file entry-v6.tsv (TSV, C-alpha atoms)
chain	number	residue	atom	x	y	z
A	9	MET	CA	-32.74	12.73	36.59
A	10	LEU	CA	-29.88	12.91	34.09
A	11	ARG	CA	-28.98	16.36	35.37
A	12	LEU	CA	-28.63	14.96	38.89
A	13	TYR	CA	-26.48	12.14	37.55
A	14	GLU	CA	-24.20	14.55	35.71
A	15	LEU	CA	-23.78	16.66	38.83
A	16	ALA	CA	-23.02	13.55	40.88
A	17	TRP	CA	-20.52	12.32	38.28
A	18	ARG	CA	-18.37	15.47	38.38
A	19	PRO	CA	-16.35	14.46	41.47
A	20	ALA	CA	-15.72	11.03	39.96
A	21	ALA	CA	-14.67	12.60	36.66
A	22	ALA	CA	-12.27	14.92	38.50
A	23	MET	CA	-10.77	11.97	40.37
A	24	ILE	CA	-10.34	10.02	37.13
A	25	ALA	CA	-8.64	13.00	35.53
A	26	ARG	CA	-6.12	13.09	38.38
A	27	THR	CA	-5.51	9.33	38.28
A	28	ASP	CA	-3.03	7.62	35.99
A	29	ALA	CA	-4.81	5.86	33.11
A	30	MET	CA	-3.41	2.44	34.00
A	31	THR	CA	-4.49	2.76	37.64
A	32	ALA	CA	-7.94	4.10	36.74
A	33	HIS	CA	-8.52	1.24	34.31
A	34	ALA	CA	-7.49	-1.38	36.88
A	35	ARG	CA	-9.89	0.16	39.41
A	36	THR	CA	-12.70	0.23	36.85
A	37	VAL	CA	-12.21	-3.43	36.02
A	38	SER	CA	-12.17	-4.29	39.72
A	39	LEU	CA	-15.37	-2.32	40.28
A	40	MET	CA	-17.09	-4.03	37.34
A	41	ARG	CA	-16.07	-7.41	38.73
A	42	THR	CA	-17.59	-6.50	42.10
A	43	LEU	CA	-20.80	-5.20	40.55
A	44	ASP	CA	-21.20	-8.34	38.42
A	45	GLY	CA	-21.98	-10.21	41.64
A	46	ALA	CA	-24.20	-7.52	43.14
A	47	GLY	CA	-27.56	-8.74	41.85
A	48	PRO	CA	-30.01	-6.49	43.77
A	49	LEU	CA	-27.86	-3.41	43.26
A	50	LEU	CA	-27.59	-4.12	39.53
A	51	THR	CA	-31.36	-4.50	39.29
A	52	VAL	CA	-31.75	-0.98	40.66
A	53	ALA	CA	-28.96	0.34	38.43
A	54	GLN	CA	-30.50	-1.22	35.34
A	55	ALA	CA	-33.91	0.25	36.17
A	56	LEU	CA	-32.26	3.67	36.47
A	57	SER	CA	-30.44	3.24	33.18
A	58	GLU	CA	-33.58	2.16	31.36
A	59	ALA	CA	-35.46	5.11	32.85
A	60	VAL	CA	-33.04	7.69	31.46
A	61	LEU	CA	-32.10	6.09	28.12
A	62	PRO	CA	-34.35	7.52	25.40
A	63	LYS	CA	-36.49	4.79	23.85
A	64	ARG	CA	-35.31	5.10	20.25
A	65	SER	CA	-34.99	1.62	18.82
A	66	VAL	CA	-33.27	1.17	15.48
A	67	PHE	CA	-32.88	-1.68	13.00
A	68	VAL	CA	-29.30	-1.74	11.84
A	69	GLY	CA	-27.17	-4.43	10.27
A	70	GLY	CA	-29.95	-6.99	10.61
A	71	VAL	CA	-30.32	-6.34	14.34
A	72	HIS	CA	-33.03	-4.62	16.36
A	73	LEU	CA	-31.19	-2.42	18.86
A	74	PRO	CA	-33.21	-1.02	21.78
A	75	TYR	CA	-31.09	2.14	21.61
A	76	PRO	CA	-28.92	3.51	18.78
A	77	THR	CA	-25.77	3.34	20.92
A	78	ILE	CA	-23.50	0.39	21.75
A	79	LEU	CA	-20.64	0.06	24.22
A	80	ALA	CA	-17.76	-0.68	21.86
A	81	ALA	CA	-15.55	-3.72	22.12
A	82	GLY	CA	-12.46	-3.36	24.26
A	83	LEU	CA	-13.83	-2.74	27.74
A	84	VAL	CA	-15.73	-5.97	28.35
A	85	LYS	CA	-13.48	-8.70	27.00
A	86	GLY	CA	-11.91	-10.37	30.02
A	87	ASP	CA	-8.64	-11.37	31.61
A	88	GLY	CA	-5.61	-12.51	29.67
A	89	PHE	CA	-4.16	-16.01	30.03
A	90	ALA	CA	-1.04	-17.73	28.83
A	91	THR	CA	-2.78	-20.96	27.79
A	92	GLU	CA	-6.25	-22.25	27.06
A	93	GLU	CA	-5.89	-24.78	29.87
A	94	GLU	CA	-5.34	-21.99	32.41
A	95	ALA	CA	-8.30	-20.05	31.08
A	96	MET	CA	-10.61	-23.07	31.22
A	97	ASP	CA	-9.44	-23.87	34.76
A	98	ALA	CA	-10.47	-20.34	35.76
A	99	VAL	CA	-13.93	-20.89	34.27
A	100	ARG	CA	-14.32	-24.20	36.09
A	101	ASP	CA	-13.23	-22.52	39.33
A	102	GLY	CA	-16.03	-19.99	38.98
A	103	ARG	CA	-13.79	-16.93	38.56
A	104	ASP	CA	-15.24	-13.84	36.89
A	105	ILE	CA	-12.93	-13.89	33.88
A	106	ILE	CA	-14.95	-11.28	31.95
A	107	PRO	CA	-15.52	-8.39	34.39
A	108	GLY	CA	-18.38	-6.19	33.23
A	109	TRP	CA	-20.26	-9.00	31.49
A	110	ARG	CA	-23.28	-8.18	33.65
A	111	SER	CA	-22.68	-4.74	35.14
A	112	ALA	CA	-21.69	-2.91	31.94
A	113	ALA	CA	-24.73	-4.19	30.09
A	114	ALA	CA	-27.01	-3.24	32.98
A	115	LEU	CA	-25.76	0.35	32.93
A	116	ALA	CA	-24.82	1.09	29.34
A	117	GLY	CA	-27.31	-0.82	27.20
A	118	PRO	CA	-26.15	-3.00	24.28
A	119	VAL	CA	-22.52	-4.15	24.60
A	120	GLU	CA	-20.10	-5.65	22.10
A	121	PHE	CA	-18.00	-8.23	23.97
A	122	GLY	CA	-14.39	-8.76	22.87
A	123	SER	CA	-12.26	-8.67	20.87
A	124	TYR	CA	-11.64	-12.39	21.22
A	125	THR	CA	-8.98	-14.37	19.43
A	126	ARG	CA	-9.07	-18.13	18.92
A	127	HIS	CA	-6.46	-18.66	21.65
A	128	PRO	CA	-5.86	-16.70	24.88
A	129	ARG	CA	-3.51	-13.73	24.91
A	130	LEU	CA	-1.72	-11.94	27.72
A	131	GLY	CA	-1.41	-8.77	25.66
A	132	ASN	CA	1.44	-6.29	25.63
A	133	ARG	CA	3.70	-5.71	28.61
A	134	GLY	CA	4.56	-2.43	30.27
A	135	ARG	CA	2.59	0.76	29.93
A	136	VAL	CA	-0.33	0.25	27.58
A	137	LEU	CA	-2.79	3.07	28.44
A	138	TRP	CA	-2.66	6.88	28.27
A	139	ARG	CA	-5.38	9.50	28.70
A	140	ASP	CA	-5.95	13.25	28.60
A	141	SER	CA	-9.35	13.85	30.18
A	142	ALA	CA	-9.33	17.60	29.57
A	143	ALA	CA	-8.61	17.14	25.86
A	144	GLY	CA	-11.00	14.19	25.59
A	145	TRP	CA	-8.74	11.46	24.21
A	146	MET	CA	-7.30	8.09	25.16
A	147	GLN	CA	-4.58	5.90	23.69
A	148	ASN	CA	-3.98	2.19	24.15
A	149	ARG	CA	-1.77	-0.68	23.07
A	150	VAL	CA	-3.30	-3.39	25.25
A	151	GLY	CA	-2.61	-5.93	22.53
A	152	LEU	CA	-5.83	-7.95	22.42
A	153	ARG	CA	-5.50	-9.34	25.93
A	154	ASN	CA	-8.36	-11.85	26.32
A	155	PRO	CA	-9.16	-15.35	27.65
A	156	GLY	CA	-9.57	-16.85	24.19
A	157	ALA	CA	-12.69	-18.02	22.40
A	158	ARG	CA	-13.21	-21.33	24.18
A	159	ALA	CA	-13.02	-19.95	27.73
A	160	ALA	CA	-15.00	-16.81	26.87
A	161	ALA	CA	-17.75	-18.84	25.21
A	162	ALA	CA	-17.92	-21.29	28.10
A	163	TYR	CA	-18.06	-18.49	30.66
A	164	LEU	CA	-20.74	-16.44	28.88
A	165	ALA	CA	-22.87	-19.51	28.12
A	166	ARG	CA	-22.69	-20.51	31.79
A	167	HIS	CA	-24.24	-17.12	32.62
A	168	ALA	CA	-26.67	-17.07	29.70
A	169	GLY	CA	-29.64	-16.44	31.96
A	170	ASP	CA	-28.21	-13.09	33.07
A	171	LEU	CA	-26.91	-11.87	29.72
A	172	PRO	CA	-28.67	-8.89	28.10
A	173	PRO	CA	-31.22	-9.65	25.36
A	174	THR	CA	-29.13	-7.80	22.77
A	175	TRP	CA	-25.35	-8.04	22.63
A	176	GLY	CA	-22.60	-8.43	20.08
A	177	LEU	CA	-19.44	-10.50	19.77
A	178	ASN	CA	-16.18	-9.16	18.34
A	179	LEU	CA	-13.58	-11.55	16.89
A	180	ALA	CA	-10.10	-10.69	15.68
A	181	VAL	CA	-7.25	-12.41	13.89
A	182	SER	CA	-4.44	-13.27	16.29
A	183	PRO	CA	-1.60	-10.73	16.05
A	184	GLY	CA	1.35	-12.05	14.11
A	185	VAL	CA	-0.76	-14.39	11.97
A	186	THR	CA	-0.16	-13.36	8.36
A	187	ASP	CA	-1.16	-16.55	6.56
A	188	ALA	CA	-4.65	-16.14	5.06
A	189	ASP	CA	-5.56	-19.81	5.53
A	190	GLN	CA	-4.57	-19.75	9.20
A	191	SER	CA	-6.46	-16.48	9.76
A	192	ARG	CA	-9.60	-17.96	8.23
A	193	THR	CA	-9.24	-21.22	10.16
A	194	GLU	CA	-8.80	-19.48	13.52
A	195	LEU	CA	-11.70	-17.10	12.98
A	196	VAL	CA	-14.08	-19.83	11.85
A	197	GLU	CA	-13.05	-22.05	14.76
A	198	ALA	CA	-13.67	-19.20	17.20
A	199	ALA	CA	-17.06	-18.40	15.67
A	200	ARG	CA	-18.13	-22.03	15.77
A	201	ILE	CA	-17.00	-22.40	19.38
A	202	PHE	CA	-19.32	-19.55	20.39
A	203	ALA	CA	-22.14	-20.89	18.22
A	204	ALA	CA	-21.85	-24.34	19.79
A	205	ALA	CA	-21.73	-22.92	23.31
A	206	PHE	CA	-25.05	-21.14	22.81
A	207	THR	CA	-26.83	-23.89	20.89
A	208	GLY	CA	-30.27	-24.30	22.42
A	209	LEU	CA	-29.95	-21.10	24.45
A	210	ALA	CA	-31.90	-17.93	23.72
A	211	ALA	CA	-29.16	-15.62	24.94
A	212	GLY	CA	-26.60	-15.93	22.14
A	213	PRO	CA	-25.01	-12.97	20.37
A	214	SER	CA	-27.25	-10.82	18.18
A	215	TRP	CA	-24.42	-10.03	15.77
A	216	LEU	CA	-20.80	-10.93	15.11
A	217	THR	CA	-18.20	-8.27	14.31
A	218	LEU	CA	-15.01	-9.14	12.48
A	219	ASN	CA	-12.27	-6.78	13.63
A	220	LEU	CA	-10.16	-6.17	10.53
A	221	SER	CA	-8.12	-3.39	12.11
A	222	CYS	CA	-6.32	-3.55	15.44
A	223	PRO	CA	-3.52	-0.97	15.63
A	224	ASN	CA	-2.69	-1.51	19.29
A	225	THR	CA	-1.01	-4.86	18.58
A	226	GLU	CA	1.71	-3.18	16.49
A	227	ASP	CA	0.70	-5.23	13.46
A	228	ASP	CA	0.34	-3.26	10.24
A	229	PRO	CA	-3.08	-1.66	10.80
A	230	LEU	CA	-3.87	-1.96	7.09
A	231	GLY	CA	-2.57	-5.50	6.66
A	232	ASN	CA	-5.92	-7.25	7.09
A	233	GLN	CA	-7.98	-4.70	5.20
A	234	SER	CA	-7.35	-5.76	1.61
A	235	ALA	CA	-10.43	-6.56	-0.48
A	236	GLU	CA	-9.18	-10.06	-1.23
A	237	LEU	CA	-8.61	-11.07	2.38
A	238	ALA	CA	-11.77	-9.31	3.58
A	239	ARG	CA	-13.83	-11.22	1.02
A	240	GLU	CA	-12.31	-14.55	2.07
A	241	LEU	CA	-12.66	-14.02	5.82
A	242	CYS	CA	-16.16	-12.56	5.65
A	243	ALA	CA	-17.49	-15.29	3.35
A	244	ALA	CA	-16.14	-17.96	5.70
A	245	LEU	CA	-17.75	-16.34	8.75
A	246	VAL	CA	-21.11	-15.79	7.05
A	247	GLU	CA	-21.16	-19.49	6.25
A	248	ALA	CA	-20.08	-20.47	9.77
A	249	VAL	CA	-22.65	-18.54	11.84
A	250	ASP	CA	-26.33	-17.70	11.59
A	251	VAL	CA	-26.24	-14.17	13.01
A	252	PRO	CA	-25.59	-10.98	11.00
A	253	LEU	CA	-21.94	-10.23	10.28
A	254	TRP	CA	-20.55	-6.75	10.84
A	255	VAL	CA	-16.99	-5.68	10.03
A	256	LYS	CA	-14.88	-3.09	11.86
A	257	ILE	CA	-12.47	-1.07	9.73
A	258	GLY	CA	-9.67	1.40	10.42
A	259	PRO	CA	-9.77	5.21	10.14
A	260	ASP	CA	-6.99	5.58	7.57
A	261	LEU	CA	-8.32	3.82	4.48
A	262	SER	CA	-8.04	5.42	1.04
A	263	ASP	CA	-10.99	5.81	-1.32
A	264	GLY	CA	-9.64	2.91	-3.37
A	265	GLN	CA	-9.44	0.66	-0.33
A	266	LEU	CA	-12.98	1.59	0.70
A	267	THR	CA	-14.30	0.79	-2.76
A	268	GLY	CA	-12.54	-2.56	-2.74
A	269	ILE	CA	-13.66	-3.71	0.69
A	270	VAL	CA	-17.24	-2.48	0.22
A	271	GLY	CA	-17.45	-4.66	-2.88
A	272	ALA	CA	-16.00	-7.56	-0.92
A	273	PHE	CA	-18.50	-7.04	1.89
A	274	GLY	CA	-21.36	-7.04	-0.59
A	275	GLU	CA	-20.21	-10.29	-2.18
A	276	ALA	CA	-19.74	-11.98	1.19
A	277	GLY	CA	-23.06	-10.92	2.72
A	278	VAL	CA	-21.85	-8.48	5.38
A	279	ARG	CA	-24.72	-6.51	6.95
A	280	ALA	CA	-22.97	-3.52	8.56
A	281	VAL	CA	-19.62	-1.72	8.68
A	282	VAL	CA	-18.32	-0.33	11.98
A	283	ALA	CA	-16.32	2.82	11.23
A	284	THR	CA	-13.94	3.14	12.82
A	285	ASN	CA	-11.36	1.49	15.04
A	286	THR	CA	-8.70	3.57	16.79
A	287	LEU	CA	-5.99	5.45	14.89
A	288	ALA	CA	-2.40	4.21	15.14
A	289	GLN	CA	-0.11	7.00	16.35
A	290	PRO	CA	3.17	7.18	18.30
A	291	THR	CA	2.80	6.79	22.06
A	292	PRO	CA	3.33	9.89	24.24
A	293	GLU	CA	6.80	8.55	25.05
A	294	GLY	CA	7.52	8.12	21.34
A	295	VAL	CA	8.20	4.39	21.72
A	296	GLY	CA	6.05	2.28	19.44
A	297	VAL	CA	2.50	3.04	18.34
A	298	ALA	CA	-0.87	2.82	20.06
A	299	GLY	CA	-4.48	3.35	19.04
A	300	VAL	CA	-5.85	6.84	19.66
A	301	SER	CA	-9.55	7.32	20.45
A	302	GLY	CA	-11.77	10.22	21.47
A	303	SER	CA	-11.24	13.76	20.25
A	304	ARG	CA	-8.01	12.93	18.39
A	305	LEU	CA	-9.84	10.30	16.34
A	306	ARG	CA	-13.09	12.14	15.63
A	307	SER	CA	-12.21	13.96	12.39
A	308	SER	CA	-10.61	10.88	10.81
A	309	ALA	CA	-13.49	8.60	11.79
A	310	LEU	CA	-16.10	11.07	10.62
A	311	ASP	CA	-14.32	11.45	7.29
A	312	VAL	CA	-14.29	7.67	6.79
A	313	VAL	CA	-18.00	7.41	7.63
A	314	SER	CA	-18.80	10.13	5.09
A	315	ARG	CA	-16.68	8.56	2.34
A	316	LEU	CA	-17.92	5.08	3.21
A	317	HIS	CA	-21.52	6.27	2.94
A	318	ARG	CA	-20.87	7.70	-0.52
A	319	THR	CA	-19.12	4.51	-1.60
A	320	ILE	CA	-22.00	2.33	-0.41
A	321	ASP	CA	-24.52	4.64	-2.09
A	322	VAL	CA	-22.71	4.40	-5.42
A	323	SER	CA	-22.42	0.62	-5.12
A	324	GLY	CA	-26.15	0.19	-4.55
A	325	LEU	CA	-25.46	-2.34	-1.78
A	326	ARG	CA	-27.52	-2.61	1.40
A	327	LEU	CA	-24.86	-2.00	4.02
A	328	ASP	CA	-25.54	-0.08	7.20
A	329	ILE	CA	-22.90	2.04	8.94
A	330	VAL	CA	-22.28	2.00	12.70
A	331	GLY	CA	-20.19	5.06	13.52
A	332	GLY	CA	-17.58	5.29	16.23
A	333	GLY	CA	-14.56	7.36	17.13
A	334	GLY	CA	-14.73	10.50	19.23
A	335	ILE	CA	-18.47	10.61	19.89
A	336	LEU	CA	-18.35	12.46	23.20
A	337	ASN	CA	-21.59	14.48	23.13
A	338	GLY	CA	-24.87	14.90	21.31
A	339	GLY	CA	-23.38	17.18	18.67
A	340	ASP	CA	-20.84	14.51	17.75
A	341	LEU	CA	-23.60	11.92	17.46
A	342	LEU	CA	-25.61	14.19	15.15
A	343	ALA	CA	-22.52	14.75	12.99
A	344	PHE	CA	-22.03	11.00	12.55
A	345	ARG	CA	-25.72	10.58	11.75
A	346	ALA	CA	-25.53	13.31	9.15
A	347	ALA	CA	-22.49	11.57	7.62
A	348	GLY	CA	-24.47	8.35	7.21
A	349	ALA	CA	-24.22	6.34	10.45
A	350	ARG	CA	-27.42	4.67	11.67
A	351	ALA	CA	-26.07	3.76	15.11
A	352	ALA	CA	-22.99	4.58	17.16
A	353	MET	CA	-20.40	2.85	19.31
A	354	LEU	CA	-19.05	4.59	22.41
A	355	TYR	CA	-15.97	3.96	24.51
A	356	THR	CA	-14.01	7.06	25.50
A	357	ALA	CA	-17.28	8.82	26.36
A	358	MET	CA	-18.07	6.09	28.88
A	359	VAL	CA	-14.71	6.67	30.57
A	360	LEU	CA	-14.98	10.46	30.66
A	361	ARG	CA	-18.73	10.82	31.27
A	362	GLY	CA	-19.48	7.67	33.24
A	363	PRO	CA	-21.81	4.69	32.85
A	364	LEU	CA	-24.83	6.77	31.80
A	365	ALA	CA	-22.90	8.58	29.06
A	366	ALA	CA	-25.07	7.01	26.35
A	367	ALA	CA	-28.23	8.41	27.91
A	368	SER	CA	-26.71	11.90	28.20
A	369	ILE	CA	-25.46	11.85	24.61
A	370	LEU	CA	-28.81	10.67	23.24
A	371	ARG	CA	-30.67	13.36	25.18
A	372	GLU	CA	-28.25	16.04	23.94
A	373	ALA	CA	-28.75	14.82	20.38
A	374	GLU	CA	-32.52	15.04	20.76
A	375	MET	CA	-32.23	18.62	21.97
A	376	GLY	CA	-30.03	19.53	19.01
A	377	GLU	CA	-31.97	17.61	16.38
A	378	PRO	CA	-33.99	19.71	13.89
A	379	GLU	CA	-37.74	19.54	14.40
A	380	GLY	CA	-39.27	16.73	12.40
A	381	GLU	CA	-36.00	14.81	12.09
A	382	PRO	CA	-36.84	11.07	11.86
A	383	ASP	CA	-35.56	8.70	14.52
A	384	ALA	CA	-32.32	6.89	13.80
call {"tool": "encode", "arguments": {"input": "entry-v6.tsv", "output": "structure tokens"}}
result
Amino acid sequence: MLRLYELAWRPAAAMIARTDAMTAHARTVSLMRTLDGAGPLLTVAQALSEAVLPKRSVFVGGVHLPYPTILAAGLVKGDGFATEEEAMDAVRDGRDIIPGWRSAAALAGPVEFGSYTRHPRLGNRGRVLWRDSAAGWMQNRVGLRNPGARAAAAYLARHAGDLPPTWGLNLAVSPGVTDADQSRTELVEAARIFAAAFTGLAAGPSWLTLNLSCPNTEDDPLGNQSAELARELCAALVEAVDVPLWVKIGPDLSDGQLTGIVGAFGEAGVRAVVATNTLAQPTPEGVGVAGVSGSRLRSSALDVVSRLHRTIDVSGLRLDIVGGGGILNGGDLLAFRAAGARAAMLYTAMVLRGPLAAASILREAEMGEPEGEPDA
């Protein structure tokens, strides 16, 4: 069945390769919005996805995942708004402000929604997306465009009955906020808004990820990754919510930085580290920086996972690693597993290989796995 899917996807992949990244993304978002309302069609699509995804559940970061792959934050986060009032009006009007909230989960398995900031953001203006399909990489400086925590929580809670059983929530510090007290206050407020929205509902997030690195906002990508600030923010979030806390880090941390933040994570009670976010590099036009993903990120992300695994091992802490960054095929997934990752996040692969990319990658990994290799 997967072979038929891959053959059928080739024309779509060729069309995407010929289409400008900004245009292709806009069309994808529009399609997800349409599919969110296509109940019967999504039921069939979800049955197909579940039929081809290998049943290899894994316990990672305090969470039982049905599959060892997750659709990374960034795709399913929602529209941008100028004010919270505008965002809440859109929710009350019944608009689909988070396209993909239903369709992406039906097709791709576990999804991490976000990143969300405490207040809405319109994101960066102008060109914010680039892609080279043949080379297998993407680059973005979207700038954390999102509807804000209050509107996102209200919208997702309204649709709690149709949310997947396992999903994550990604929160980030608002770009430009450099004061530690304000960062902590905004993050805790956002976390509590989501917690309150899902009180009494069985469909709340299974984990919360703190995004400590967001290079596409043009903030210093290392600015929020000090041990001191990580300890403070993580401790506040662990106290504020009752789901496992994961933390997403950047791909350009030194050994000293890794040692410091791993110690901070251990003290605060973090359960898993997501390694890594995108890599800040100059845009193709040479104006500003944007986060690179896919093949151009793979070696850096894999190196961080390997060094992070050694650091955690030396520390004696119980911290799981969720790998991400350039996992485009089964061989890449096996490399991240060998480096110490227990699960993986995908993004660029979903763009280049389509909605069933996770199933294809897991099958390829099974074919390349040594006989007797334990499940992830």
call {"tool": "atom_distance", "arguments": {"input": "entry-v6.tsv", "atom1": "CA of Thr291 (chain A)", "atom2": "CA of Asn154 (chain A)"}}
result
22.1 Å
call {"tool": "residues_around", "arguments": {"input": "entry-v6.tsv", "residues": "Gln289 (chain A)", "least_positions_apart": "6", "cutoff": "8 Å", "atoms": "all atoms listed in the file", "output": "PyMOL selection string"}}
result
chain A and resi 297-300
call {"tool": "closest_residue", "arguments": {"input": "entry-v6.tsv", "among": "A:Gly331, A:Pro128, A:Gly134, A:Pro292", "to": "Leu310 (chain A)", "atoms": "only C-alpha atoms"}}
result
A:Gly331
call {"tool": "atom_distance", "arguments": {"input": "entry-v6.tsv", "atom1": "CA of Leu370 (chain A)", "atom2": "CA of Met353 (chain A)"}}
result
12.1 Å
call {"tool": "closest_residue", "arguments": {"input": "entry-v6.tsv", "among": "A:Thr267, A:Leu10, A:Ser111, A:Ala29", "to": "Arg135 (chain A)", "atoms": "only C-alpha atoms"}}
result
A:Ala29
call {"tool": "axis_aligned_box", "arguments": {"input": "entry-v6.tsv", "around": "region 273-283 of chain A", "padding_each_side": "6 Å", "output": "AutoDock Vina command-line options"}}
result
--center_x -20.5 --center_y -4.6 --center_z 4.9 --size_x 20.4 --size_y 26.8 --size_z 26.2
call {"tool": "atom_distance", "arguments": {"input": "entry-v6.tsv", "atom1": "CA of Ala276 (chain A)", "atom2": "CA of Ala243 (chain A)"}}
result
4.5 Å
call {"tool": "closest_residue", "arguments": {"input": "entry-v6.tsv", "among": "A:Gly144, A:Pro62, A:Pro213, A:Gly277", "to": "Glu374 (chain A)", "atoms": "all atoms listed in the file"}}
result
A:Pro62
call {"tool": "closest_residue", "arguments": {"input": "entry-v6.tsv", "among": "A:Thr77, A:Asn132, A:Ser323, A:Ser191", "to": "Ala357 (chain A)", "atoms": "only C-alpha atoms"}}
result
A:Thr77
call {"tool": "residues_around", "arguments": {"input": "entry-v6.tsv", "residues": "Ala283 (chain A)", "least_positions_apart": "5", "cutoff": "12 Å", "atoms": "all atoms listed in the file", "output": "PyMOL selection string"}}
result
chain A and resi 80+217+219-221+254-261+266+305-317+328-335+344+347-354
call {"tool": "residues_near_point", "arguments": {"input": "entry-v6.tsv", "point": "(-36.2, 4.8, 22.9)", "cutoff": "9 Å", "atoms": "all atoms listed in the file", "output": "ChimeraX atom specification"}}
result
/A:61-66,74-76
call {"tool": "closest_residue", "arguments": {"input": "entry-v6.tsv", "among": "A:Leu137, A:Gly324, A:Phe121, A:Leu115", "to": "Ala34 (chain A)", "atoms": "only C-alpha atoms"}}
result
A:Leu137
call {"tool": "closest_atom_pairs", "arguments": {"input": "entry-v6.tsv", "of": "region 73-100 of chain A", "to": "region 36-52 of chain A", "cutoff": "12 Å", "atoms": "all atoms listed in the file", "output": "Markdown table"}}
result
| residue | atom | partner | partner_atom | distance |
| --- | --- | --- | --- | --- |
| A:Gly82 | CA | A:Val37 | CA | 11.8 |
| A:Leu83 | CA | A:Val37 | CA | 8.5 |
| A:Val84 | CA | A:Val37 | CA | 8.8 |
| A:Lys85 | CA | A:Val37 | CA | 10.5 |
| A:Gly86 | CA | A:Val37 | CA | 9.2 |
| A:Asp87 | CA | A:Val37 | CA | 9.8 |
call {"tool": "write_last_selection", "arguments": {"input": "entry-v6.tsv", "atoms": "C-alpha atoms", "output": "compact mmCIF listing (two decimals), keeping the file's coordinate frame"}}
result
# COMPACT_ATOMS: atom_id res chain seq x y z
CA GLY A 82 -12.46 -3.36 24.26
CA LEU A 83 -13.83 -2.74 27.74
CA VAL A 84 -15.73 -5.97 28.35
CA LYS A 85 -13.48 -8.70 27.00
CA GLY A 86 -11.91 -10.37 30.02
CA ASP A 87 -8.64 -11.37 31.61
call {"tool": "closest_residue", "arguments": {"input": "entry-v6.tsv", "among": "A:Arg100, A:Arg149, A:His167, A:His33", "to": "Gly131 (chain A)", "atoms": "only C-alpha atoms"}}
result
A:Arg149
call {"tool": "residues_around", "arguments": {"input": "entry-v6.tsv", "residues": "Gly212 (chain A)", "least_positions_apart": "5", "cutoff": "9 Å", "atoms": "only C-alpha atoms", "output": "list of chain:residue names"}}
result
A:Leu164, A:Ala165, A:Ala168, A:Leu171, A:Pro173, A:Thr174, A:Trp175, A:Gly176, A:Phe202, A:Ala203, A:Ala205, A:Phe206, A:Thr207
